[in-house]
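Quick notes on the structure that follows.
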Amino acid sequence: QVQLVESGGGSVQPGESLTLSCTASGFALDSTPMSWVRQAPGKGLEWVSSINSRGHVKQYADFATGRFTVSRDISKNILYLRMDSLKPEDTAVYYCEQGWNVLTRTGRGTQVTVSS
């Protein structure tokens, strides 16, 4: 059974950093592309980043380029999203998903709030 559990969210001030984790079970992270998506309050799902199954190709939404970094630990089967220079507009629930450039949500997500 595929399970994705996001964690690492929290409340931070603008300019600070957070690293989100996505613990996967029921499949191997190196068997499929993975993505991060987010949903801000009152808005639809927004794609954030994707990483291919081999882990050497990464893609980012324009707003994430230069500030966010997707990575993974195959030995732990955990996907990460490092977020630097956070802005108030990054406030959202963040989800990890199987697939490339997807707009779906499976798990409960993790809340990120950026506010001064």
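Chain labels follow the order of the structure tokens: the first chain is A, the next B, and so on; residue numbering restarts at 1 in every chain, and ligands are counted from 1 in their shown order.
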
Quick one: residues within 9 Å of region 33-43 of chain A, only C-alpha atoms counted, chain neighbours fewer than 5 positions away excluded, as a list in words?
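The contact residues come out as Val48, Ser49, Ser50, Ile51, Asn52, Ser53, Arg54, Gly55, Val70, Leu79, Leu81, Glu89, Asp90, Thr91, Ala92, Val93, Tyr94, Tyr95, Cys96, Glu97, Gln98, Gly99, Trp100, Asn101, Val102, Leu103, Thr104, Arg105 and Gly109 of chain A.
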
Please determine, counting only C-alpha atoms, which residue among A:Thr19, A:Ser7, A:Thr113, A:Ser31 has the shortest atom-to-atom distance to Arg67 (chain A).
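Once distances to Arg67 (chain A) are computed over only C-alpha atoms, the minimum belongs to A:Thr19.
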
Restricting the calculation to only C-alpha atoms: of A:Thr32, A:Ser21, A:Glu6, A:Phe63, which residue gets closest to Trp47 (chain A)?
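Result for the nearest residue to Trp47 (chain A): A:Phe63.
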
Enumerate, as a PyMOL selection string, the complete set of residues in region 6-62 of chain A that a backbone-based DSSP assignment places in strand (DSSP E).
chain A and resi 6-7+10-12+18-25+34-39+45-51+58-60

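Using only C-alpha atoms for every distance, the candidate list A:Val114, A:Val5, A:Leu18, A:Leu29 yields A:Leu18 as the residue closest to Met83 (chain A).
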
Expressed in Å to a single decimal, how great is the separation between CA of Val2 (chain A) and CA of Lys76 (chain A)?
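If I compute the distance from CA of Val2 (chain A) to CA of Lys76 (chain A), I get 15.4 Å.
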
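Taking only C-alpha atoms into account, Ser25 (chain A) lies nearest to A:Leu4 out of the set A:Asp84, A:Arg108, A:Ser11, A:Leu4.
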
Counting only C-alpha atoms, the residue of A:Ser85, A:Thr69, A:Gln3, A:Thr110 that sits nearest Thr23 (chain A):
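Ranked by minimum distance to Thr23 (chain A), first place goes to A:Gln3.
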